[in-house]
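> Quick one, protein-v4.txt (compact mmCIF, C-alpha atoms and all ligand atoms):
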# COMPACT_ATOMS: atom_id res chain seq x y z
CA PRO A 730 138.49 99.33 201.49
CA PHE A 731 141.24 100.13 198.94
CA GLU A 732 144.63 98.88 197.82
CA PHE A 733 147.83 100.87 197.48
CA GLY A 734 148.83 101.33 193.85
CA ALA A 735 152.29 101.25 192.33
CA ASP A 736 152.44 105.03 192.78
CA TYR A 737 154.33 106.74 195.55
CA SER A 738 152.16 107.47 198.64
CA PRO A 739 153.19 110.90 199.88
CA ASN A 740 152.24 112.64 203.09
CA VAL A 741 148.85 114.13 202.24
CA SER A 742 146.79 116.55 204.32
CA TYR A 743 143.09 117.30 203.94
CA HIS A 744 141.81 120.73 204.99
CA PHE A 745 138.09 121.15 205.55
CA ASN A 746 135.53 122.85 207.74
CA ALA A 747 132.10 121.23 207.28
CA ASP A 748 130.37 124.57 208.02
CA VAL A 749 131.29 125.72 204.51
CA SER A 750 128.81 123.26 202.97
CA GLN A 751 125.83 124.80 204.80
CA PHE A 752 125.61 128.01 202.78
CA HIS A 753 123.15 128.62 199.92
CA TYR A 754 123.67 130.91 196.94
CA GLY A 755 119.91 130.70 196.24
CA VAL A 756 117.54 128.05 194.90
CA LYS A 757 118.12 128.72 191.21
CA HIS A 758 121.85 129.23 191.53
CA PRO A 759 124.01 126.41 190.10
CA MET A 760 126.75 126.65 192.76
CA LYS A 761 125.82 124.22 195.56
CA PRO A 762 128.16 124.19 198.58
CA PHE A 763 126.34 120.99 199.59
CA ARG A 764 128.56 119.18 197.02
CA LEU A 765 131.40 119.66 199.52
CA MET A 766 129.58 117.65 202.17
CA LEU A 767 128.79 114.96 199.62
CA THR A 768 132.50 114.83 198.72
CA ASP A 769 133.58 114.68 202.34
CA HIS A 770 131.20 111.77 203.00
CA LEU A 771 132.42 109.89 199.97
CA VAL A 772 136.09 110.47 200.84
CA SER A 773 135.62 109.15 204.37
CA SER A 774 133.35 106.25 203.40
CA TYR A 775 136.20 104.98 201.21
CA GLY A 776 138.42 105.18 204.32
CA LEU A 777 140.70 107.85 202.86
CA HIS A 778 140.47 110.04 205.98
CA LYS A 779 142.40 107.33 207.84
CA ILE A 780 145.51 107.73 205.70
CA MET A 781 145.63 111.55 205.53
CA ASP A 782 146.33 114.24 208.11
CA LEU A 783 142.95 115.89 208.71
CA TYR A 784 142.68 119.52 209.70
CA GLU A 785 139.49 121.28 210.71
CA THR A 786 140.30 124.76 209.47
CA ARG A 787 139.58 128.25 210.83
CA PRO A 788 138.23 131.14 208.77
CA ALA A 789 140.73 133.52 207.15
CA THR A 790 141.10 136.77 209.06
CA ARG A 791 140.34 140.21 207.67
CA ASP A 792 144.08 140.93 207.54
CA GLU A 793 144.68 137.76 205.58
CA LEU A 794 142.08 138.84 202.98
CA LEU A 795 143.74 142.27 202.78
CA GLU A 796 146.94 140.65 201.44
CA PHE A 797 145.14 140.75 198.06
CA HIS A 798 141.71 142.36 198.37
CA SER A 799 141.08 146.08 198.70
CA LYS A 800 140.04 147.59 202.00
CA ASP A 801 136.70 148.93 200.78
CA TYR A 802 135.74 145.59 199.21
CA VAL A 803 136.60 143.57 202.35
CA GLU A 804 134.69 146.11 204.41
CA PHE A 805 131.67 145.80 202.11
CA LEU A 806 131.79 141.97 202.18
CA SER A 807 132.00 141.87 205.95
CA LYS A 808 129.02 144.20 206.39
CA VAL A 809 126.53 143.33 203.65
CA THR A 810 123.70 140.87 204.33
CA PRO A 811 120.34 140.31 202.61
CA ASP A 812 118.82 142.49 205.36
CA THR A 813 121.31 145.40 205.25
CA ILE A 814 121.67 145.45 201.47
CA ALA A 815 119.10 148.27 201.08
CA LYS A 816 121.04 150.43 203.56
CA MET A 817 124.40 150.14 201.78
CA PRO A 818 125.74 153.33 200.14
CA ARG A 819 124.09 154.12 196.82
CA GLY A 820 125.81 152.47 193.87
CA SER A 821 127.70 149.92 195.93
CA LEU A 822 125.90 146.92 194.37
CA GLU A 823 126.97 148.08 190.90
CA LYS A 824 130.43 149.04 192.12
CA PHE A 825 130.95 145.59 193.64
CA ASN A 826 129.37 143.62 190.79
CA ILE A 827 126.59 142.16 192.92
CA GLY A 828 123.90 140.39 190.90
CA ASP A 829 122.69 137.00 189.75
CA ASP A 830 126.13 135.38 189.43
CA CYS A 831 127.33 136.77 192.76
CA PRO A 832 124.28 137.33 194.97
CA ILE A 833 124.27 138.55 198.57
CA PHE A 834 123.23 135.53 200.62
CA GLN A 835 123.04 134.87 204.36
CA GLY A 836 126.51 134.25 205.82
CA LEU A 837 128.38 135.32 202.69
CA TYR A 838 131.39 136.64 204.63
CA ASP A 839 131.62 133.52 206.80
CA TYR A 840 131.44 131.34 203.69
CA SER A 841 134.18 133.33 201.94
CA THR A 842 136.53 133.37 204.90
CA LEU A 843 135.97 129.65 205.51
CA TYR A 844 137.01 128.46 202.07
CA ALA A 845 139.93 130.89 202.00
CA GLY A 846 141.00 129.86 205.51
CA ALA A 847 141.21 126.23 204.42
CA SER A 848 143.47 127.07 201.45
CA LEU A 849 145.75 129.19 203.65
CA ASP A 850 145.93 126.38 206.23
CA ALA A 851 147.00 124.04 203.43
CA THR A 852 149.80 126.43 202.33
CA ARG A 853 151.16 126.53 205.89
CA LYS A 854 151.52 122.74 205.98
CA LEU A 855 153.30 122.77 202.63
CA ILE A 856 155.60 125.58 203.75
CA ASN A 857 156.63 123.92 207.00
CA GLY A 858 157.12 120.58 205.25
CA GLN A 859 154.50 118.66 207.23
CA SER A 860 152.64 117.90 204.01
CA GLU A 861 153.91 117.02 200.54
CA ILE A 862 150.39 117.39 199.15
CA ALA A 863 147.64 119.49 200.75
CA ILE A 864 144.00 119.34 199.60
CA ASN A 865 141.15 121.84 199.98
CA TRP A 866 138.13 120.89 197.87
CA SER A 867 136.20 123.96 199.08
CA GLY A 868 138.77 126.30 197.49
CA GLY A 869 139.77 127.08 193.93
CA LEU A 870 137.51 130.11 193.40
CA HIS A 871 139.62 131.56 190.61
CA HIS A 872 137.51 134.49 189.30
CA ALA A 873 137.45 136.84 192.33
CA LYS A 874 139.22 140.17 191.77
CA LYS A 875 141.02 142.55 194.10
CA GLY A 876 137.98 144.81 194.43
CA ASN A 877 134.95 142.73 193.42
CA PRO A 878 133.51 139.23 193.21
CA SER A 879 133.06 137.50 189.85
CA GLY A 880 131.62 134.23 188.60
CA PHE A 881 130.40 132.79 191.93
CA CYS A 882 133.77 133.68 193.59
CA TYR A 883 133.91 136.31 196.37
CA VAL A 884 137.46 136.08 197.64
CA ASN A 885 140.32 134.60 195.63
CA ASP A 886 141.75 131.88 197.88
CA ILE A 887 144.18 130.89 195.11
CA VAL A 888 145.78 134.33 194.88
CA LEU A 889 145.95 134.53 198.68
CA SER A 890 147.60 131.08 198.79
CA ILE A 891 150.13 131.98 196.11
CA ILE A 892 151.02 135.21 197.95
CA ASN A 893 151.72 133.13 201.05
CA LEU A 894 153.75 130.51 199.15
CA LEU A 895 155.84 133.27 197.50
CA ARG A 896 157.25 134.14 200.92
CA TYR A 897 159.24 130.89 200.79
CA HIS A 898 159.08 129.67 197.20
CA PRO A 899 160.96 131.33 194.34
CA ARG A 900 158.74 129.93 191.54
CA VAL A 901 155.07 128.90 191.76
CA LEU A 902 153.27 127.03 188.96
CA TYR A 903 149.48 127.38 188.80
CA ILE A 904 147.56 124.82 186.69
CA ASP A 905 143.80 125.28 186.14
CA ILE A 906 141.63 122.50 184.65
CA ASP A 907 138.27 124.10 185.47
CA LEU A 908 136.05 124.52 182.38
CA HIS A 909 136.37 128.30 182.79
CA HIS A 910 139.39 130.55 182.33
CA GLY A 911 141.32 131.23 185.57
CA ASP A 912 141.21 134.98 184.94
CA GLY A 913 141.50 136.26 188.53
CA VAL A 914 144.71 134.34 189.17
CA GLN A 915 146.20 135.18 185.77
CA GLU A 916 145.46 138.89 186.25
CA ALA A 917 146.94 139.03 189.76
CA PHE A 918 150.32 137.68 188.59
CA TYR A 919 150.33 138.92 184.99
CA THR A 920 153.46 141.04 185.43
CA THR A 921 155.66 138.69 187.46
CA ASP A 922 157.94 135.82 186.44
CA ARG A 923 157.70 134.26 189.90
CA VAL A 924 154.26 132.78 189.15
CA PHE A 925 153.49 130.88 185.96
CA THR A 926 149.76 130.51 185.29
CA VAL A 927 148.28 128.03 182.82
CA SER A 928 144.57 127.45 182.23
CA PHE A 929 142.74 124.96 179.99
CA HIS A 930 139.21 126.15 179.23
CA LYS A 931 136.32 126.59 176.86
CA TYR A 932 136.96 129.73 174.81
CA ASN A 933 135.07 131.40 172.00
CA GLY A 934 135.35 135.05 173.00
CA GLU A 935 131.89 135.00 174.58
CA PHE A 936 131.89 132.14 177.03
CA PHE A 937 132.38 133.36 180.62
CA PRO A 938 134.59 135.18 181.57
CA GLY A 939 135.42 136.00 177.95
CA THR A 940 139.23 135.97 178.37
CA GLY A 941 141.90 133.28 177.93
CA ASN A 942 142.90 133.43 174.29
CA LEU A 943 146.28 132.15 173.06
CA ASP A 944 147.68 135.69 172.79
CA GLU A 945 147.38 136.38 176.54
CA ILE A 946 150.92 135.51 177.61
CA GLY A 947 151.71 138.00 180.38
CA CYS A 948 153.42 141.38 180.22
CA SER A 949 156.59 143.22 181.33
CA ARG A 950 158.59 140.86 183.62
CA GLY A 951 155.69 138.42 183.37
CA LYS A 952 155.79 138.15 179.57
CA HIS A 953 155.76 134.43 178.61
CA PHE A 954 154.80 133.48 182.18
CA ALA A 955 151.08 133.08 181.45
CA LEU A 956 149.70 130.41 179.12
CA ASN A 957 146.20 129.79 177.84
CA VAL A 958 144.80 126.68 176.20
CA PRO A 959 141.49 127.63 174.53
CA LEU A 960 139.25 124.67 173.69
CA ASP A 961 135.91 124.09 172.02
CA ASP A 962 132.88 122.00 173.05
CA GLY A 963 132.98 118.27 173.45
CA ILE A 964 136.68 117.61 174.01
CA ASP A 965 137.21 113.93 174.86
CA ASP A 966 139.46 112.07 177.29
CA GLU A 967 142.22 111.17 174.89
CA SER A 968 142.67 114.57 173.25
CA TYR A 969 142.52 116.40 176.57
CA ILE A 970 145.04 114.12 178.31
CA ASN A 971 147.44 114.19 175.35
CA LEU A 972 147.29 117.95 175.11
CA PHE A 973 147.61 118.38 178.89
CA LYS A 974 150.68 116.14 179.16
CA SER A 975 152.40 117.52 176.09
CA ILE A 976 152.16 121.04 177.54
CA ILE A 977 152.69 120.42 181.26
CA ASP A 978 155.74 118.15 180.84
CA PRO A 979 157.97 120.67 179.01
CA LEU A 980 156.53 123.49 181.12
CA ILE A 981 157.65 121.90 184.40
CA SER A 982 161.07 121.00 182.95
CA SER A 983 161.64 124.54 181.70
CA TYR A 984 160.12 126.64 184.47
CA ARG A 985 161.35 124.38 187.32
CA PRO A 986 158.66 125.42 189.86
CA THR A 987 159.37 124.75 193.52
CA VAL A 988 155.66 124.26 194.29
CA ILE A 989 152.57 123.56 192.16
CA ILE A 990 148.95 124.62 192.70
CA GLN A 991 146.38 122.63 190.78
CA GLN A 992 142.81 123.90 190.54
CA CYS A 993 140.62 120.87 189.77
CA GLY A 994 137.32 122.46 188.73
CA ALA A 995 134.93 119.57 188.03
CA ASP A 996 132.80 121.41 185.48
CA SER A 997 135.18 120.09 182.79
CA LEU A 998 133.55 116.65 183.26
CA GLY A 999 130.92 115.39 180.84
CA HIS A 1000 127.29 115.86 181.92
CA ASP A 1001 128.09 118.94 184.03
CA ARG A 1002 125.09 121.25 184.43
CA LEU A 1003 127.05 124.24 183.09
CA GLY A 1004 129.69 122.33 181.16
CA CYS A 1005 130.26 121.36 177.54
CA PHE A 1006 133.24 118.98 177.67
CA ASN A 1007 133.11 115.16 177.60
CA LEU A 1008 135.71 114.22 180.21
CA ASN A 1009 135.30 111.14 182.38
CA VAL A 1010 136.38 110.93 186.03
CA LYS A 1011 139.49 108.88 185.14
CA ALA A 1012 140.68 111.39 182.54
CA HIS A 1013 140.26 114.37 184.89
CA GLY A 1014 142.12 112.35 187.53
CA GLU A 1015 144.85 111.41 185.06
CA CYS A 1016 145.79 115.10 184.84
CA VAL A 1017 146.16 115.20 188.63
CA LYS A 1018 148.16 111.93 188.63
CA PHE A 1019 150.48 113.33 185.95
CA VAL A 1020 151.22 116.50 187.92
CA LYS A 1021 151.77 114.43 191.08
CA SER A 1022 154.33 112.28 189.23
CA PHE A 1023 156.81 115.20 189.23
CA GLY A 1024 157.11 114.81 193.01
CA LEU A 1025 156.90 118.53 193.80
CA PRO A 1026 154.95 119.96 196.77
CA MET A 1027 151.34 120.40 195.65
CA LEU A 1028 148.36 122.44 196.76
CA VAL A 1029 145.24 120.80 195.31
CA LEU A 1030 142.02 122.83 195.15
CA GLY A 1031 138.44 122.40 193.95
CA GLY A 1032 136.62 125.03 191.88
CA GLY A 1033 133.58 124.76 189.64
CA GLY A 1034 131.44 121.66 189.29
CA TYR A 1035 127.65 121.81 189.00
CA THR A 1036 126.46 118.22 188.99
CA PRO A 1037 127.08 117.45 192.67
CA ARG A 1038 127.19 113.64 192.40
CA ASN A 1039 129.95 113.82 189.76
CA VAL A 1040 131.84 116.56 191.58
CA SER A 1041 132.08 114.33 194.64
CA ARG A 1042 133.02 111.32 192.51
CA VAL A 1043 135.92 113.03 190.78
CA TRP A 1044 137.30 114.75 193.88
CA THR A 1045 137.12 111.49 195.82
CA TYR A 1046 138.85 109.63 192.99
CA GLU A 1047 141.53 112.35 192.95
CA THR A 1048 141.96 112.15 196.73
CA GLY A 1049 142.71 108.45 196.11
CA VAL A 1050 145.12 109.26 193.26
CA LEU A 1051 147.00 111.79 195.42
CA ASN A 1052 147.35 109.19 198.19
CA GLY A 1053 148.57 106.61 195.67
CA VAL A 1054 145.62 104.28 196.27
CA LEU A 1055 143.18 102.59 193.89
CA LEU A 1056 139.56 102.90 194.98
CA PRO A 1057 137.08 100.14 194.14
CA LYS A 1058 134.54 101.33 191.60
CA ASP A 1059 131.48 100.48 193.72
CA ILE A 1060 130.29 103.32 195.98
CA PRO A 1061 130.62 102.04 199.59
CA GLU A 1062 127.45 100.70 201.23
CA ASN A 1063 127.72 102.73 204.42
CA ILE A 1064 127.59 106.23 202.93
CA PRO A 1065 125.00 108.89 203.84
CA PHE A 1066 123.22 110.22 200.71
CA ARG A 1067 124.01 106.95 198.87
CA ASP A 1068 120.88 107.37 196.73
CA TRP A 1069 122.57 110.33 195.00
CA PHE A 1070 124.88 107.84 193.28
CA GLY A 1071 122.22 105.63 191.72
CA PRO A 1072 121.26 103.90 189.59
CA ASP A 1073 124.82 102.72 188.84
CA PHE A 1074 126.36 103.31 192.31
CA SER A 1075 129.69 103.53 190.53
CA LEU A 1076 132.63 105.91 191.01
CA HIS A 1077 133.00 105.84 187.22
CA PRO A 1078 129.68 106.39 185.44
CA VAL A 1079 129.92 106.88 181.68
CA LEU A 1080 130.09 110.66 181.08
CA ASP A 1081 131.29 110.84 177.50
CA GLU A 1082 129.77 111.50 174.09
CA LEU A 1083 127.11 113.95 175.23
CA TYR A 1084 128.51 116.78 173.12
CA GLU A 1085 129.85 116.62 169.60
CA ASN A 1086 133.63 117.04 169.69
CA LYS A 1087 134.20 120.34 167.89
CA ASN A 1088 137.96 120.25 168.47
CA THR A 1089 139.43 118.96 165.22
CA LYS A 1090 142.89 117.31 165.17
CA LYS A 1091 144.13 120.28 163.17
CA PHE A 1092 142.78 122.83 165.68
CA LEU A 1093 144.30 121.00 168.66
CA GLU A 1094 147.65 120.59 166.91
CA ASN A 1095 147.73 124.34 166.26
CA VAL A 1096 146.94 125.09 169.92
CA ARG A 1097 149.69 122.69 171.03
CA ILE A 1098 152.28 124.24 168.69
CA ARG A 1099 151.42 127.78 169.80
CA CYS A 1100 151.72 126.75 173.47
CA LEU A 1101 155.05 124.98 172.98
CA GLU A 1102 156.41 128.05 171.19
CA ASN A 1103 155.59 130.11 174.28
CA ILE A 1104 157.21 127.61 176.61
CA ARG A 1105 160.41 127.74 174.54
CA TYR A 1106 160.87 131.37 175.62
CA LEU A 1107 161.52 130.15 179.16
CA GLN A 1108 164.83 128.55 178.19
CA GLY A 1109 167.85 130.69 177.49
O1 LIG A 1201 133.22 127.42 187.76
O2 LIG A 1201 123.97 132.42 186.51
O3 LIG A 1201 127.77 134.00 181.98
C1 LIG A 1201 134.49 128.65 189.37
C2 LIG A 1201 133.73 128.68 188.04
O4 LIG A 1201 134.69 128.95 187.06
C3 LIG A 1201 127.77 134.61 183.04
N1 LIG A 1201 128.08 134.03 184.18
C4 LIG A 1201 127.40 136.05 183.17
C5 LIG A 1201 127.83 136.97 182.13
C6 LIG A 1201 126.38 137.38 181.96
N2 LIG A 1201 126.09 136.39 182.86
C7 LIG A 1201 124.92 135.67 183.06
C8 LIG A 1201 124.28 135.97 184.37
C9 LIG A 1201 123.55 134.76 184.87
C10 LIG A 1201 123.47 134.75 186.33
C11 LIG A 1201 123.16 133.45 186.95
C12 LIG A 1201 123.43 131.23 186.19
C13 LIG A 1201 122.21 130.83 186.71
C14 LIG A 1201 121.66 129.63 186.35
C15 LIG A 1201 122.37 128.83 185.49
C16 LIG A 1201 123.59 129.22 184.99
C17 LIG A 1201 124.14 130.43 185.35
C18 LIG A 1201 125.45 130.79 184.81
N3 LIG A 1201 126.21 131.87 185.06
C19 LIG A 1201 126.16 130.03 183.91
N4 LIG A 1201 127.32 130.65 183.62
C20 LIG A 1201 127.35 131.75 184.33
C21 LIG A 1201 128.50 132.66 184.29
C22 LIG A 1201 129.41 132.51 185.50
C23 LIG A 1201 130.16 131.22 185.51
C24 LIG A 1201 131.03 131.10 186.74
C25 LIG A 1201 131.88 129.87 186.76
C26 LIG A 1201 132.61 129.72 188.06
C27 LIG A 1201 133.69 128.40 190.58
CA CA A 1202 140.53 126.47 183.40
ZN ZN A 1203 134.15 126.76 186.11
What would the structure in this file look like if it were written as structure tokens?
Ligand code: ZLV
Ligand code: CA
Ligand code: ZN


Amino acid sequence: PFEFGADYSPNVSYHFNADVSQFHYGVKHPMKPFRLMLTDHLVSSYGLHKIMDLYETRPATRDELLEFHSKDYVEFLSKVTPDTIAKMPRGSLEKFNIGDDCPIFQGLYDYSTLYAGASLDATRKLINGQSEIAINWSGGLHHAKKGNPSGFCYVNDIVLSIINLLRYHPRVLYIDIDLHHGDGVQEAFYTTDRVFTVSFHKYNGEFFPGTGNLDEIGCSRGKHFALNVPLDDGIDDESYINLFKSIIDPLISSYRPTVIIQQCGADSLGHDRLGCFNLNVKAHGECVKFVKSFGLPMLVLGGGGYTPRNVSRVWTYETGVLNGVLLPKDIPENIPFRDWFGPDFSLHPVLDELYENKNTKKFLENVRIRCLENIRYLQG
């Protein structure tokens, strides 16, 4: 169903437990774990599961969560349910930031340990060399903090993965193309030079989570090892790709990471329910292709993405890119939920020009210059 492209086809593993797609944040909540099932169906209907190593993953253990999260928070997460919520100690909902963004839903702990377990499984295959690229589309929940959930994220599978990779890798590069700032990951490694974090995101000081300005560059040993690329509404394919490449290329040459984690949040696509960028599937995928071209071990994760049909399109396209194959643009005939992809039934619907591009050439050039100045500190 596909042809191999001119790109290198590395050993790719795919880490997934279908149970993770059965949870519900609530009817009005934009995060829909069902998008993960849609993605899995689309990936396999294109035949991609036949060329990857597939792993059905186990949940992360309590001890694995404790590598980053605090004891009282893990205890709270493992005990709280919609039925026991009233019996929890007074003030614990406020203390743990429970509310509309991060509600208590049925099976919350199982959900959290499942997506984290898949990311940790992926790191093990990278560490032992069985995989050159390992994918977990259910992971990438970059906002969770040590002691509380944030922005739809309960446990931070990215931080847990990086902690595991640091046992064998001297330098880890984290790249975040979700619409939102990767604040939880940045904060966890803000004072170390062994993890470089870079996030591209919408920023105006108010937009969630409110952080990610150019002046956040890390501190103490970690000074100059965090980078932020604040963007405004409506950024288009060409400006995003140019900016991405012109920052990531010198960054990889200077920092010389031994492993790369890419968070591929799909809310940076045009027409996203919560988004405000104009990216098409090919442009989002071009960022993944570019990172792959450096030939370093890669952990590839999901993240945000609130228009399920486009989330599954872009992550399927990227699964193809990572395997070095070109997928035909027509959605395969045999797929369950095929009606979700109408009326075009294309992997590449037109997603651009919904928002006015508020990023002027001058603004983007200034952002680029400021970023390159920061990267220059890595040399010498
Ligand atoms: O994609 O939320 O703006 C990774 C990710 O990066 C807020 N939250 C907070 C700050 C005050 N609030 C609003 C509270 C709203 C609670 C419910 C929604 C419900 C319906 C539609 C949209 C939202 C919503 N919430 C939109 N943006 C928010 C953000 C959190 C964004 C998290 C992004 C997560 C998975
Ligand atoms: Ca981001
Ligand atoms: Zn997001």

> Around (157.4, 141.7, 182.7), as given in the file, which residues come within 8 Å? Count only C-alpha atoms and list them as an MDAnalysis selection string.

chainID A and resid 919:922 947:952

> Kindly provide, as JSON, the centre and edge lengths (Å, one decimal) of an axis-aligned box around all atoms of ligand LIG 1201 (chain A) given in the file, with 4 Å on each side.


{"center_x": 128.2, "center_y": 132.4, "center_z": 186.3, "size_x": 21.0, "size_y": 18.0, "size_z": 16.6}

> Per residue of chain A within 10 Å of ligand ZN 1203 (chain A), which atom pair is closest and at what distance in Å (one decimal), using only C-alpha atoms and all ligand atoms, listed by chain and increasing number, as CSV?


residue,atom,partner,partner_atom,distance
A:Met760,CA,A:ZN1203,ZN,9.9
A:Gly869,CA,A:ZN1203,ZN,9.6
A:Leu870,CA,A:ZN1203,ZN,8.7
A:His871,CA,A:ZN1203,ZN,8.6
A:His872,CA,A:ZN1203,ZN,9.0
A:Gly880,CA,A:ZN1203,ZN,8.3
A:Phe881,CA,A:ZN1203,ZN,9.2
A:Asp905,CA,A:ZN1203,ZN,9.8
A:Ile906,CA,A:ZN1203,ZN,8.7
A:Asp907,CA,A:ZN1203,ZN,4.9
A:Leu908,CA,A:ZN1203,ZN,4.7
A:His909,CA,A:ZN1203,ZN,4.3
A:His910,CA,A:ZN1203,ZN,7.5
A:Gly911,CA,A:ZN1203,ZN,8.5
A:His930,CA,A:ZN1203,ZN,8.6
A:Lys931,CA,A:ZN1203,ZN,9.5
A:Phe937,CA,A:ZN1203,ZN,8.8
A:Pro938,CA,A:ZN1203,ZN,9.6
A:Cys993,CA,A:ZN1203,ZN,9.5
A:Gly994,CA,A:ZN1203,ZN,6.0
A:Ala995,CA,A:ZN1203,ZN,7.5
A:Asp996,CA,A:ZN1203,ZN,5.6
A:Ser997,CA,A:ZN1203,ZN,7.5
A:Leu1003,CA,A:ZN1203,ZN,8.1
A:Gly1004,CA,A:ZN1203,ZN,8.0
A:Gly1031,CA,A:ZN1203,ZN,9.9
A:Gly1032,CA,A:ZN1203,ZN,6.5
A:Gly1033,CA,A:ZN1203,ZN,4.1
A:Gly1034,CA,A:ZN1203,ZN,6.6
A:Tyr1035,CA,A:ZN1203,ZN,8.7

> For the atom pair CA of Ser1041 (chain A) and CA of Ile1064 (chain A), what is the interatomic distance in Å to one decimal place?

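Atom-to-atom, CA of Ser1041 (chain A) to CA of Ile1064 (chain A), that is 12.4 Å.
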
> Find the residues near Ile981 (chain A): any atom within 9 Å, counting all atoms listed in the file, skip ones fewer than 5 places away on the same chain, and give them as a list in words.

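Contacts, with the query itself left out: Leu902, Ile976, Pro986 and Phe1023 of chain A.
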
> What gap, in Å, lies between CA of Arg764 (chain A) and CA of His1000 (chain A)?

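Separation between CA of Arg764 (chain A) and CA of His1000 (chain A): 15.5 Å.
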
> Identify the residues within 12 Å of coordinate (160.8, 129.3, 173.3) (same frame as the file), considering only C-alpha atoms, and give the answer as a ChimeraX atom specification.

/A:952-954,979-980,983-984,1098-1109

> Show which residues sit within 12 Å of Val756 (chain A), as a list in words. Count all atoms listed in the file, and ignore same-chain residues fewer than 5 positions away.

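In the requested form, the answer reads Lys761, Pro762, Asp829, Pro832 and Phe834 of chain A.
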